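Novice: Next up, query_7.txt (compact mmCIF, N, CA and C atoms and all ligand atoms).
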```txt
# COMPACT_ATOMS: atom_id res chain seq x y z
N MET C 42 -32.71 15.31 -5.85
CA MET C 42 -31.30 15.39 -5.46
C MET C 42 -30.43 14.98 -6.63
N LYS C 43 -29.36 15.74 -6.82
CA LYS C 43 -28.44 15.46 -7.92
C LYS C 43 -27.68 14.17 -7.62
N GLN C 44 -27.56 13.34 -8.66
CA GLN C 44 -26.83 12.09 -8.49
C GLN C 44 -25.34 12.35 -8.37
N LEU C 45 -24.68 11.59 -7.54
CA LEU C 45 -23.22 11.70 -7.44
C LEU C 45 -22.59 11.23 -8.74
N PRO C 46 -21.52 11.89 -9.19
CA PRO C 46 -20.78 11.34 -10.33
C PRO C 46 -20.24 9.95 -9.97
N ARG C 47 -20.27 9.06 -10.96
CA ARG C 47 -19.86 7.68 -10.72
C ARG C 47 -18.53 7.39 -11.40
N VAL C 48 -17.65 6.81 -10.63
CA VAL C 48 -16.30 6.51 -11.12
C VAL C 48 -16.07 5.01 -11.01
N LEU C 49 -15.59 4.42 -12.09
CA LEU C 49 -15.17 3.02 -12.07
C LEU C 49 -13.65 2.99 -11.95
N VAL C 50 -13.16 2.21 -10.99
CA VAL C 50 -11.73 2.03 -10.82
C VAL C 50 -11.40 0.59 -11.21
N ALA C 51 -10.66 0.43 -12.32
CA ALA C 51 -10.22 -0.88 -12.76
C ALA C 51 -8.83 -1.10 -12.16
N GLU C 52 -8.77 -1.92 -11.14
CA GLU C 52 -7.51 -2.10 -10.39
C GLU C 52 -7.55 -3.49 -9.74
N ASP C 53 -6.51 -4.29 -9.99
CA ASP C 53 -6.49 -5.63 -9.42
C ASP C 53 -5.89 -5.67 -8.02
N ASN C 54 -5.05 -4.69 -7.68
CA ASN C 54 -4.38 -4.71 -6.38
C ASN C 54 -5.30 -4.12 -5.30
N ASP C 55 -5.57 -4.92 -4.24
CA ASP C 55 -6.52 -4.50 -3.21
C ASP C 55 -6.10 -3.21 -2.52
N LEU C 56 -4.82 -3.11 -2.16
CA LEU C 56 -4.37 -1.92 -1.43
C LEU C 56 -4.44 -0.67 -2.30
N ASN C 57 -4.04 -0.80 -3.56
CA ASN C 57 -4.14 0.35 -4.46
C ASN C 57 -5.59 0.77 -4.62
N TYR C 58 -6.47 -0.23 -4.79
CA TYR C 58 -7.89 0.10 -4.95
C TYR C 58 -8.43 0.80 -3.71
N GLU C 59 -8.10 0.27 -2.53
CA GLU C 59 -8.63 0.86 -1.30
C GLU C 59 -8.19 2.31 -1.13
N LEU C 60 -6.95 2.60 -1.48
CA LEU C 60 -6.45 3.97 -1.38
C LEU C 60 -7.21 4.88 -2.35
N VAL C 61 -7.33 4.44 -3.60
CA VAL C 61 -8.02 5.26 -4.61
C VAL C 61 -9.48 5.44 -4.23
N GLU C 62 -10.11 4.38 -3.76
CA GLU C 62 -11.52 4.45 -3.36
C GLU C 62 -11.70 5.45 -2.22
N PHE C 63 -10.78 5.41 -1.24
CA PHE C 63 -10.85 6.32 -0.09
C PHE C 63 -10.76 7.78 -0.54
N ILE C 64 -9.80 8.05 -1.43
CA ILE C 64 -9.58 9.43 -1.87
C ILE C 64 -10.77 9.93 -2.68
N LEU C 65 -11.25 9.10 -3.62
CA LEU C 65 -12.33 9.55 -4.49
C LEU C 65 -13.65 9.66 -3.75
N SER C 66 -13.93 8.72 -2.85
CA SER C 66 -15.21 8.80 -2.14
C SER C 66 -15.21 9.96 -1.17
N SER C 67 -14.04 10.34 -0.65
CA SER C 67 -13.98 11.51 0.24
C SER C 67 -14.26 12.81 -0.52
N MET C 68 -14.19 12.77 -1.85
CA MET C 68 -14.53 13.94 -2.66
C MET C 68 -16.01 13.94 -3.05
N GLY C 69 -16.74 12.91 -2.68
CA GLY C 69 -18.15 12.87 -3.00
C GLY C 69 -18.48 12.08 -4.25
N LEU C 70 -17.54 11.27 -4.72
CA LEU C 70 -17.79 10.44 -5.90
C LEU C 70 -18.29 9.07 -5.46
N ALA C 71 -19.15 8.46 -6.27
CA ALA C 71 -19.60 7.10 -6.04
C ALA C 71 -18.65 6.17 -6.79
N VAL C 72 -17.95 5.32 -6.07
CA VAL C 72 -16.86 4.53 -6.64
C VAL C 72 -17.25 3.06 -6.74
N SER C 73 -16.97 2.46 -7.89
CA SER C 73 -17.11 1.01 -8.01
C SER C 73 -15.82 0.44 -8.58
N ARG C 74 -15.70 -0.88 -8.53
CA ARG C 74 -14.43 -1.51 -8.87
C ARG C 74 -14.60 -2.61 -9.90
N ALA C 75 -13.62 -2.72 -10.78
CA ALA C 75 -13.41 -3.93 -11.59
C ALA C 75 -12.03 -4.44 -11.20
N ALA C 76 -11.95 -5.67 -10.70
CA ALA C 76 -10.67 -6.22 -10.23
C ALA C 76 -9.96 -7.00 -11.33
N ARG C 77 -10.64 -7.24 -12.43
CA ARG C 77 -10.03 -7.97 -13.56
C ARG C 77 -10.36 -7.23 -14.86
N GLY C 78 -9.44 -7.33 -15.79
CA GLY C 78 -9.66 -6.68 -17.07
C GLY C 78 -10.87 -7.22 -17.81
N ASP C 79 -11.09 -8.53 -17.67
CA ASP C 79 -12.20 -9.12 -18.43
C ASP C 79 -13.58 -8.83 -17.82
N GLN C 80 -13.60 -8.07 -16.69
CA GLN C 80 -14.89 -7.63 -16.13
C GLN C 80 -15.26 -6.22 -16.58
N VAL C 81 -14.28 -5.49 -17.12
CA VAL C 81 -14.46 -4.05 -17.29
C VAL C 81 -15.59 -3.73 -18.28
N LEU C 82 -15.61 -4.36 -19.44
CA LEU C 82 -16.60 -3.98 -20.46
C LEU C 82 -18.02 -4.25 -19.97
N ASP C 83 -18.22 -5.37 -19.27
CA ASP C 83 -19.55 -5.68 -18.75
C ASP C 83 -19.98 -4.65 -17.70
N ILE C 84 -19.05 -4.29 -16.82
CA ILE C 84 -19.39 -3.33 -15.76
C ILE C 84 -19.68 -1.96 -16.38
N VAL C 85 -18.90 -1.57 -17.38
CA VAL C 85 -19.13 -0.27 -18.02
C VAL C 85 -20.49 -0.25 -18.69
N SER C 86 -20.85 -1.32 -19.38
CA SER C 86 -22.15 -1.25 -20.07
C SER C 86 -23.30 -1.34 -19.09
N ALA C 87 -23.11 -1.99 -17.94
CA ALA C 87 -24.18 -2.05 -16.93
C ALA C 87 -24.29 -0.75 -16.13
N ASP C 88 -23.15 -0.17 -15.74
CA ASP C 88 -23.15 0.95 -14.79
C ASP C 88 -23.02 2.32 -15.44
N ARG C 89 -22.51 2.38 -16.67
CA ARG C 89 -22.32 3.68 -17.35
C ARG C 89 -21.61 4.71 -16.45
N PRO C 90 -20.37 4.42 -16.04
CA PRO C 90 -19.67 5.38 -15.18
C PRO C 90 -19.40 6.69 -15.93
N ASP C 91 -19.17 7.76 -15.14
CA ASP C 91 -18.88 9.08 -15.70
C ASP C 91 -17.39 9.28 -15.94
N LEU C 92 -16.57 8.42 -15.33
CA LEU C 92 -15.11 8.51 -15.42
C LEU C 92 -14.54 7.14 -15.07
N ILE C 93 -13.45 6.78 -15.73
CA ILE C 93 -12.79 5.51 -15.42
C ILE C 93 -11.32 5.77 -15.09
N PHE C 94 -10.87 5.26 -13.95
CA PHE C 94 -9.43 5.17 -13.68
C PHE C 94 -9.02 3.74 -14.03
N MET C 95 -8.08 3.62 -14.95
CA MET C 95 -7.76 2.32 -15.56
C MET C 95 -6.32 1.93 -15.28
N ASP C 96 -6.16 0.91 -14.41
CA ASP C 96 -4.84 0.30 -14.26
C ASP C 96 -4.46 -0.31 -15.61
N ILE C 97 -3.20 -0.19 -15.97
CA ILE C 97 -2.78 -0.75 -17.26
C ILE C 97 -2.49 -2.25 -17.15
N GLN C 98 -1.88 -2.65 -16.04
CA GLN C 98 -1.57 -4.08 -15.86
C GLN C 98 -2.69 -4.73 -15.08
N LEU C 99 -3.61 -5.37 -15.82
CA LEU C 99 -4.76 -6.03 -15.23
C LEU C 99 -4.78 -7.48 -15.67
N PRO C 100 -5.21 -8.41 -14.79
CA PRO C 100 -5.38 -9.79 -15.24
C PRO C 100 -6.54 -9.89 -16.25
N GLY C 101 -6.38 -10.76 -17.22
CA GLY C 101 -7.43 -10.95 -18.24
C GLY C 101 -7.14 -10.14 -19.48
N VAL C 102 -7.53 -8.89 -19.47
CA VAL C 102 -7.29 -8.00 -20.62
C VAL C 102 -6.58 -6.77 -20.07
N ASP C 103 -5.52 -6.29 -20.73
CA ASP C 103 -4.80 -5.15 -20.17
C ASP C 103 -5.55 -3.84 -20.43
N GLY C 104 -5.18 -2.85 -19.64
CA GLY C 104 -5.90 -1.57 -19.64
C GLY C 104 -5.79 -0.81 -20.95
N LEU C 105 -4.69 -0.97 -21.66
CA LEU C 105 -4.58 -0.25 -22.94
C LEU C 105 -5.53 -0.84 -23.97
N GLU C 106 -5.62 -2.17 -24.00
CA GLU C 106 -6.54 -2.82 -24.93
C GLU C 106 -7.99 -2.46 -24.59
N LEU C 107 -8.31 -2.44 -23.29
CA LEU C 107 -9.67 -2.05 -22.88
C LEU C 107 -9.97 -0.62 -23.29
N THR C 108 -8.99 0.25 -23.12
CA THR C 108 -9.19 1.65 -23.50
C THR C 108 -9.48 1.76 -24.99
N ARG C 109 -8.70 1.03 -25.81
CA ARG C 109 -8.95 1.06 -27.27
C ARG C 109 -10.37 0.60 -27.58
N GLN C 110 -10.81 -0.48 -26.89
CA GLN C 110 -12.15 -1.02 -27.17
C GLN C 110 -13.23 -0.04 -26.74
N LEU C 111 -13.06 0.57 -25.56
CA LEU C 111 -14.08 1.52 -25.08
C LEU C 111 -14.13 2.76 -25.97
N LYS C 112 -12.98 3.22 -26.43
CA LYS C 112 -12.95 4.42 -27.27
C LYS C 112 -13.43 4.14 -28.70
N ALA C 113 -13.41 2.86 -29.10
CA ALA C 113 -13.88 2.50 -30.44
C ALA C 113 -15.39 2.29 -30.48
N ASP C 114 -16.02 2.19 -29.29
CA ASP C 114 -17.45 1.92 -29.22
C ASP C 114 -18.19 3.24 -29.01
N PRO C 115 -19.07 3.61 -29.94
CA PRO C 115 -19.76 4.90 -29.81
C PRO C 115 -20.55 5.03 -28.51
N HIS C 116 -20.95 3.92 -27.90
CA HIS C 116 -21.71 3.99 -26.65
C HIS C 116 -20.84 4.38 -25.46
N THR C 117 -19.53 4.15 -25.56
CA THR C 117 -18.65 4.38 -24.41
C THR C 117 -17.50 5.35 -24.73
N ALA C 118 -17.40 5.78 -25.98
CA ALA C 118 -16.25 6.59 -26.41
C ALA C 118 -16.12 7.90 -25.65
N SER C 119 -17.24 8.43 -25.15
CA SER C 119 -17.18 9.74 -24.49
C SER C 119 -16.83 9.66 -23.01
N ILE C 120 -16.71 8.45 -22.46
CA ILE C 120 -16.35 8.33 -21.04
C ILE C 120 -14.85 8.60 -20.89
N PRO C 121 -14.47 9.61 -20.09
CA PRO C 121 -13.04 9.86 -19.93
C PRO C 121 -12.34 8.71 -19.21
N ILE C 122 -11.13 8.42 -19.65
CA ILE C 122 -10.33 7.34 -19.04
C ILE C 122 -8.97 7.90 -18.64
N VAL C 123 -8.63 7.71 -17.36
CA VAL C 123 -7.32 8.11 -16.88
C VAL C 123 -6.53 6.86 -16.55
N ALA C 124 -5.37 6.69 -17.20
CA ALA C 124 -4.53 5.52 -16.96
C ALA C 124 -3.85 5.65 -15.61
N LEU C 125 -3.80 4.50 -14.91
CA LEU C 125 -3.05 4.40 -13.64
C LEU C 125 -2.02 3.32 -13.86
N THR C 126 -0.76 3.67 -13.77
CA THR C 126 0.21 2.63 -14.04
C THR C 126 1.47 2.76 -13.20
N ALA C 127 1.98 1.60 -12.81
CA ALA C 127 3.25 1.54 -12.10
C ALA C 127 4.40 1.59 -13.09
N LEU C 128 4.11 1.42 -14.34
CA LEU C 128 5.14 1.38 -15.37
C LEU C 128 5.54 2.80 -15.74
N ALA C 129 6.44 3.39 -14.95
CA ALA C 129 6.85 4.76 -15.29
C ALA C 129 8.06 4.70 -16.21
N MET C 130 7.86 4.07 -17.33
CA MET C 130 8.95 3.88 -18.30
C MET C 130 8.80 4.90 -19.43
N VAL C 131 9.91 5.17 -20.05
CA VAL C 131 9.88 6.08 -21.20
C VAL C 131 8.90 5.52 -22.23
N GLY C 132 8.00 6.36 -22.70
CA GLY C 132 7.06 5.93 -23.72
C GLY C 132 5.72 5.46 -23.18
N ASP C 133 5.62 5.19 -21.87
CA ASP C 133 4.34 4.72 -21.32
C ASP C 133 3.24 5.75 -21.43
N ARG C 134 3.60 7.00 -21.15
CA ARG C 134 2.60 8.06 -21.23
C ARG C 134 2.06 8.15 -22.65
N GLU C 135 2.97 8.10 -23.63
CA GLU C 135 2.57 8.19 -25.04
C GLU C 135 1.71 6.98 -25.42
N ARG C 136 2.09 5.79 -24.93
CA ARG C 136 1.29 4.60 -25.26
C ARG C 136 -0.12 4.73 -24.69
N ALA C 137 -0.21 5.25 -23.47
CA ALA C 137 -1.54 5.41 -22.85
C ALA C 137 -2.37 6.43 -23.64
N LEU C 138 -1.75 7.54 -24.00
CA LEU C 138 -2.50 8.57 -24.73
C LEU C 138 -2.85 8.09 -26.14
N ASP C 139 -1.93 7.37 -26.77
CA ASP C 139 -2.21 6.80 -28.10
C ASP C 139 -3.39 5.82 -28.06
N ALA C 140 -3.51 5.08 -26.96
CA ALA C 140 -4.61 4.11 -26.84
C ALA C 140 -5.95 4.83 -26.64
N GLY C 141 -5.90 6.13 -26.33
CA GLY C 141 -7.13 6.89 -26.17
C GLY C 141 -7.36 7.43 -24.77
N CYS C 142 -6.41 7.19 -23.86
CA CYS C 142 -6.58 7.70 -22.50
C CYS C 142 -6.60 9.23 -22.52
N ASP C 143 -7.41 9.79 -21.61
CA ASP C 143 -7.56 11.25 -21.51
C ASP C 143 -6.61 11.84 -20.48
N GLY C 144 -5.96 10.98 -19.72
CA GLY C 144 -5.01 11.42 -18.71
C GLY C 144 -4.18 10.23 -18.27
N TYR C 145 -3.20 10.51 -17.44
CA TYR C 145 -2.22 9.50 -17.09
C TYR C 145 -1.68 9.81 -15.71
N LEU C 146 -1.74 8.85 -14.79
CA LEU C 146 -1.17 9.00 -13.45
C LEU C 146 -0.28 7.81 -13.16
N THR C 147 0.84 8.06 -12.47
CA THR C 147 1.72 6.95 -12.10
C THR C 147 1.42 6.51 -10.67
N LYS C 148 1.68 5.22 -10.41
CA LYS C 148 1.55 4.66 -9.07
C LYS C 148 2.95 4.54 -8.48
N PRO C 149 3.14 4.63 -7.17
CA PRO C 149 2.09 4.80 -6.18
C PRO C 149 1.33 6.11 -6.33
N VAL C 150 0.01 6.00 -6.05
CA VAL C 150 -0.87 7.13 -6.26
C VAL C 150 -0.55 8.26 -5.28
N VAL C 151 -0.44 9.46 -5.79
CA VAL C 151 -0.25 10.66 -4.97
C VAL C 151 -1.63 11.31 -4.80
N THR C 152 -2.03 11.49 -3.54
CA THR C 152 -3.39 11.96 -3.25
C THR C 152 -3.75 13.23 -4.01
N THR C 153 -2.87 14.23 -3.97
CA THR C 153 -3.20 15.51 -4.61
C THR C 153 -3.33 15.35 -6.12
N ASP C 154 -2.50 14.50 -6.71
CA ASP C 154 -2.58 14.29 -8.16
C ASP C 154 -3.89 13.60 -8.55
N LEU C 155 -4.29 12.62 -7.75
CA LEU C 155 -5.55 11.92 -8.04
C LEU C 155 -6.74 12.87 -7.91
N ARG C 156 -6.73 13.69 -6.85
CA ARG C 156 -7.81 14.67 -6.68
C ARG C 156 -7.86 15.66 -7.85
N GLU C 157 -6.70 16.16 -8.24
CA GLU C 157 -6.67 17.11 -9.35
C GLU C 157 -7.18 16.47 -10.63
N SER C 158 -6.81 15.22 -10.83
CA SER C 158 -7.25 14.51 -12.02
C SER C 158 -8.77 14.37 -12.04
N ALA C 159 -9.37 14.02 -10.90
CA ALA C 159 -10.83 13.89 -10.83
C ALA C 159 -11.50 15.25 -11.05
N ARG C 160 -10.88 16.30 -10.50
CA ARG C 160 -11.48 17.63 -10.64
C ARG C 160 -11.40 18.19 -12.06
N ARG C 161 -10.51 17.65 -12.85
CA ARG C 161 -10.50 18.04 -14.28
C ARG C 161 -11.84 17.73 -14.91
N PHE C 162 -12.46 16.62 -14.49
CA PHE C 162 -13.71 16.16 -15.11
C PHE C 162 -14.94 16.59 -14.32
N PHE C 163 -14.76 16.84 -13.02
CA PHE C 163 -15.86 17.28 -12.15
C PHE C 163 -15.38 18.48 -11.33
N PRO C 164 -15.32 19.65 -11.95
CA PRO C 164 -14.75 20.82 -11.26
C PRO C 164 -15.56 21.24 -10.04
N GLU C 165 -16.80 20.76 -9.95
CA GLU C 165 -17.65 21.16 -8.81
C GLU C 165 -17.30 20.39 -7.54
N LEU C 166 -16.44 19.39 -7.65
CA LEU C 166 -16.15 18.54 -6.48
C LEU C 166 -15.39 19.32 -5.42
N ALA C 167 -15.71 18.99 -4.17
CA ALA C 167 -15.02 19.62 -3.04
C ALA C 167 -13.64 18.97 -2.86
N ILE C 168 -12.70 19.77 -2.43
CA ILE C 168 -11.41 19.24 -1.99
C ILE C 168 -11.50 19.09 -0.47
N PRO C 169 -11.39 17.87 0.03
CA PRO C 169 -11.50 17.69 1.49
C PRO C 169 -10.32 18.35 2.20
N GLN C 170 -10.60 18.89 3.39
CA GLN C 170 -9.51 19.52 4.17
C GLN C 170 -8.70 18.46 4.90
MN MN B 1 -2.39 -4.08 -11.82
```
Mind turning the file's structure into C-alpha cells?
Specialist:
Amino acid sequence: MKQLPRVLVAEDNDLNYELVEFILSSMGLAVSRAARGDQVLDIVSADRPDLIFMDIQLPGVDGLELTRQLKADPHTASIPIVALTALAMVGDRERALDAGCDGYLTKPVVTTDLRESARRFFPELAIPQ
C-alpha cells in the first residue's frame, strides 16, 4: 500500500491547527504538528515530512528563521514550505519568499486556498465533496 503523504503543520494556535489538520486529513494526508518553533527542526529530522505548513509567528524560533535553516540544510532543502501568517502586511509575502518559502497563505485559513496549496505538491489528492 502506498504511504500517505506526510505534512507537518508548525502552528502554535490550537484552533488554527485543528482547522488545518481537519482540512488536510480530509484530503488523505497524514498530519503532524509542531506547536513551538524550537521543536520544528527535531520533528523534521525525525519524521521527514513531504510538505510543511509554517506559521511565521511561533514561540521559540520564528517561521522565517526556521525556513532559512531548513532551506540551508541539504537534508531538508527539498521539502516544500508554505508560510501561514496572520501578518497580511505589505512586504510579508516577499519576506516569506525571500526566506525560501515555496508558497504563502494568509490566516484566517480559507479552506479552498489550503486545499489548492496542498494539491500543488500532491496533485493526486482528492478534493472532498
Ligand atoms: Mn502563531
Novice: Find the residues of chain C that sit at most 10 Å from ligand MN 1 (chain B); for each, write down the nearest two atoms and how far apart they are in Å, to one decimal. Count only C-alpha atoms and all ligand atoms. Sort by chain, then by number going up, and give it as JSON lines.
Specialist:
```
{"residue": "C:Ala51", "atom": "CA", "partner": "B:MN1", "partner_atom": "MN", "distance": 8.5}
{"residue": "C:Glu52", "atom": "CA", "partner": "B:MN1", "partner_atom": "MN", "distance": 5.7}
{"residue": "C:Asp53", "atom": "CA", "partner": "B:MN1", "partner_atom": "MN", "distance": 5.0}
{"residue": "C:Asn54", "atom": "CA", "partner": "B:MN1", "partner_atom": "MN", "distance": 5.8}
{"residue": "C:Asp55", "atom": "CA", "partner": "B:MN1", "partner_atom": "MN", "distance": 9.6}
{"residue": "C:Asn57", "atom": "CA", "partner": "B:MN1", "partner_atom": "MN", "distance": 8.8}
{"residue": "C:Tyr58", "atom": "CA", "partner": "B:MN1", "partner_atom": "MN", "distance": 9.7}
{"residue": "C:Ala76", "atom": "CA", "partner": "B:MN1", "partner_atom": "MN", "distance": 8.7}
{"residue": "C:Arg77", "atom": "CA", "partner": "B:MN1", "partner_atom": "MN", "distance": 8.7}
{"residue": "C:Gly78", "atom": "CA", "partner": "B:MN1", "partner_atom": "MN", "distance": 9.3}
{"residue": "C:Met95", "atom": "CA", "partner": "B:MN1", "partner_atom": "MN", "distance": 9.2}
{"residue": "C:Asp96", "atom": "CA", "partner": "B:MN1", "partner_atom": "MN", "distance": 5.6}
{"residue": "C:Ile97", "atom": "CA", "partner": "B:MN1", "partner_atom": "MN", "distance": 6.4}
{"residue": "C:Gln98", "atom": "CA", "partner": "B:MN1", "partner_atom": "MN", "distance": 4.1}
{"residue": "C:Leu99", "atom": "CA", "partner": "B:MN1", "partner_atom": "MN", "distance": 4.6}
{"residue": "C:Pro100", "atom": "CA", "partner": "B:MN1", "partner_atom": "MN", "distance": 7.3}
{"residue": "C:Asp103", "atom": "CA", "partner": "B:MN1", "partner_atom": "MN", "distance": 8.8}
{"residue": "C:Gly104", "atom": "CA", "partner": "B:MN1", "partner_atom": "MN", "distance": 8.9}
{"residue": "C:Leu125", "atom": "CA", "partner": "B:MN1", "partner_atom": "MN", "distance": 8.7}
{"residue": "C:Thr126", "atom": "CA", "partner": "B:MN1", "partner_atom": "MN", "distance": 7.5}
{"residue": "C:Ala127", "atom": "CA", "partner": "B:MN1", "partner_atom": "MN", "distance": 8.0}
{"residue": "C:Leu128", "atom": "CA", "partner": "B:MN1", "partner_atom": "MN", "distance": 10.0}
{"residue": "C:Lys148", "atom": "CA", "partner": "B:MN1", "partner_atom": "MN", "distance": 10.0}
```
Novice: What does the distance from atom CA of Leu92 of chain C to atom CA of Ala167 of chain C come to in Å, to one decimal?
Specialist: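 Taking atom CA of Leu92 of chain C and atom CA of Ala167 of chain C, their separation equals 16.6 Å.
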Novice: Restricting the calculation to only C-alpha atoms, which member of C:Pro121, C:Pro46, C:Gly69, C:Pro90 is positioned closest to Gly141 of chain C?
Specialist: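 Smallest distance to Gly141 of chain C is found for C:Pro121.
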Novice: Which is closest to Ile84 of chain C among C:Leu111, C:Leu70, C:Ala137, C:Leu49, if we use only C-alpha atoms?
Specialist: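 Counting only C-alpha atoms, the residue closest to Ile84 of chain C is C:Leu49.
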Novice: So, counting only N, CA and C atoms, which residue among C:Asp88, C:Ala71, C:Lys112, C:Ile64 is closest to Arg156 of chain C?
Specialist: C:Ile64
Novice: Do you have the atom CA of Ala140 of chain C-atom CA of Gln110 of chain C distance handy?
Specialist: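 Pair atom CA of Ala140 of chain C / atom CA of Gln110 of chain C returns 9.1 Å.
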Novice: Report as a ChimeraX atom specification: the residues of chain C with a DSSP assignment of strand (DSSP E or B), based on the backbone of this structure.
Specialist: /C:47-51,71-75,92-96,122-126,144-147
Novice: Return as JSON the centre and edge lengths, in Å with one decimal, of the box along x, y and z that encloses every atom of segment 54-68 of chain C in the file, padded by 6 Å per side.
Specialist:
```
{"center_x": -10.0, "center_y": 4.5, "center_z": -3.7, "size_x": 24.0, "size_y": 30.9, "size_z": 19.9}
```
Novice: Enter the distance from atom N of Asp114 of chain C to atom N of Ile93 of chain C, in Å, rounded to one decimal.
Specialist: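 Interatomic distance here is 14.5 Å.
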Novice: From chain C, collect each residue whose DSSP state is alpha helix (DSSP H) and return the set as an MDAnalysis selection string.
Specialist: chainID C and resid 55:66 78:88 104:113 133:140 152:162
Novice: Some atoms are missing, so please complete segment 50-66 of chain C with N, CA, C and O atoms and return it as a PDB file, in the frame of the given file.
Specialist:
```pdb
ATOM      1  N   VAL C  50     -13.160   2.210 -10.990  1.00  0.00           N
ATOM      2  CA  VAL C  50     -11.730   2.030 -10.820  1.00  0.00           C
ATOM      3  C   VAL C  50     -11.400   0.590 -11.210  1.00  0.00           C
ATOM      4  O   VAL C  50     -11.849  -0.358 -10.564  1.00  0.00           O
ATOM      5  N   ALA C  51     -10.660   0.430 -12.320  1.00  0.00           N
ATOM      6  CA  ALA C  51     -10.220  -0.880 -12.760  1.00  0.00           C
ATOM      7  C   ALA C  51      -8.830  -1.100 -12.160  1.00  0.00           C
ATOM      8  O   ALA C  51      -7.866  -0.470 -12.592  1.00  0.00           O
ATOM      9  N   GLU C  52      -8.770  -1.920 -11.140  1.00  0.00           N
ATOM     10  CA  GLU C  52      -7.510  -2.100 -10.390  1.00  0.00           C
ATOM     11  C   GLU C  52      -7.550  -3.490  -9.740  1.00  0.00           C
ATOM     12  O   GLU C  52      -8.487  -3.798  -9.020  1.00  0.00           O
ATOM     13  N   ASP C  53      -6.510  -4.290  -9.990  1.00  0.00           N
ATOM     14  CA  ASP C  53      -6.490  -5.630  -9.420  1.00  0.00           C
ATOM     15  C   ASP C  53      -5.890  -5.670  -8.020  1.00  0.00           C
ATOM     16  O   ASP C  53      -6.179  -6.583  -7.251  1.00  0.00           O
ATOM     17  N   ASN C  54      -5.050  -4.690  -7.680  1.00  0.00           N
ATOM     18  CA  ASN C  54      -4.380  -4.710  -6.380  1.00  0.00           C
ATOM     19  C   ASN C  54      -5.300  -4.120  -5.300  1.00  0.00           C
ATOM     20  O   ASN C  54      -5.732  -2.982  -5.410  1.00  0.00           O
ATOM     21  N   ASP C  55      -5.570  -4.920  -4.240  1.00  0.00           N
ATOM     22  CA  ASP C  55      -6.520  -4.500  -3.210  1.00  0.00           C
ATOM     23  C   ASP C  55      -6.100  -3.210  -2.520  1.00  0.00           C
ATOM     24  O   ASP C  55      -6.920  -2.323  -2.294  1.00  0.00           O
ATOM     25  N   LEU C  56      -4.820  -3.110  -2.160  1.00  0.00           N
ATOM     26  CA  LEU C  56      -4.370  -1.920  -1.430  1.00  0.00           C
ATOM     27  C   LEU C  56      -4.440  -0.670  -2.300  1.00  0.00           C
ATOM     28  O   LEU C  56      -4.860   0.390  -1.833  1.00  0.00           O
ATOM     29  N   ASN C  57      -4.040  -0.800  -3.560  1.00  0.00           N
ATOM     30  CA  ASN C  57      -4.140   0.350  -4.460  1.00  0.00           C
ATOM     31  C   ASN C  57      -5.590   0.770  -4.620  1.00  0.00           C
ATOM     32  O   ASN C  57      -5.921   1.956  -4.613  1.00  0.00           O
ATOM     33  N   TYR C  58      -6.470  -0.230  -4.790  1.00  0.00           N
ATOM     34  CA  TYR C  58      -7.890   0.100  -4.950  1.00  0.00           C
ATOM     35  C   TYR C  58      -8.430   0.800  -3.710  1.00  0.00           C
ATOM     36  O   TYR C  58      -9.136   1.808  -3.823  1.00  0.00           O
ATOM     37  N   GLU C  59      -8.100   0.270  -2.530  1.00  0.00           N
ATOM     38  CA  GLU C  59      -8.630   0.860  -1.300  1.00  0.00           C
ATOM     39  C   GLU C  59      -8.190   2.310  -1.130  1.00  0.00           C
ATOM     40  O   GLU C  59      -8.965   3.157  -0.690  1.00  0.00           O
ATOM     41  N   LEU C  60      -6.950   2.600  -1.480  1.00  0.00           N
ATOM     42  CA  LEU C  60      -6.450   3.970  -1.380  1.00  0.00           C
ATOM     43  C   LEU C  60      -7.210   4.880  -2.350  1.00  0.00           C
ATOM     44  O   LEU C  60      -7.693   5.965  -1.975  1.00  0.00           O
ATOM     45  N   VAL C  61      -7.330   4.440  -3.600  1.00  0.00           N
ATOM     46  CA  VAL C  61      -8.020   5.260  -4.610  1.00  0.00           C
ATOM     47  C   VAL C  61      -9.480   5.440  -4.230  1.00  0.00           C
ATOM     48  O   VAL C  61     -10.028   6.548  -4.329  1.00  0.00           O
ATOM     49  N   GLU C  62     -10.110   4.380  -3.760  1.00  0.00           N
ATOM     50  CA  GLU C  62     -11.520   4.450  -3.360  1.00  0.00           C
ATOM     51  C   GLU C  62     -11.700   5.450  -2.220  1.00  0.00           C
ATOM     52  O   GLU C  62     -12.638   6.246  -2.211  1.00  0.00           O
ATOM     53  N   PHE C  63     -10.780   5.410  -1.240  1.00  0.00           N
ATOM     54  CA  PHE C  63     -10.850   6.320  -0.090  1.00  0.00           C
ATOM     55  C   PHE C  63     -10.760   7.780  -0.540  1.00  0.00           C
ATOM     56  O   PHE C  63     -11.551   8.625  -0.132  1.00  0.00           O
ATOM     57  N   ILE C  64      -9.800   8.050  -1.430  1.00  0.00           N
ATOM     58  CA  ILE C  64      -9.580   9.430  -1.870  1.00  0.00           C
ATOM     59  C   ILE C  64     -10.770   9.930  -2.680  1.00  0.00           C
ATOM     60  O   ILE C  64     -11.277  11.038  -2.466  1.00  0.00           O
ATOM     61  N   LEU C  65     -11.250   9.100  -3.620  1.00  0.00           N
ATOM     62  CA  LEU C  65     -12.330   9.550  -4.490  1.00  0.00           C
ATOM     63  C   LEU C  65     -13.650   9.660  -3.750  1.00  0.00           C
ATOM     64  O   LEU C  65     -14.417  10.613  -3.966  1.00  0.00           O
ATOM     65  N   SER C  66     -13.930   8.720  -2.850  1.00  0.00           N
ATOM     66  CA  SER C  66     -15.210   8.800  -2.140  1.00  0.00           C
ATOM     67  C   SER C  66     -15.210   9.960  -1.170  1.00  0.00           C
ATOM     68  O   SER C  66     -16.252  10.575  -0.926  1.00  0.00           O
TER      69      SER C  66
END
```
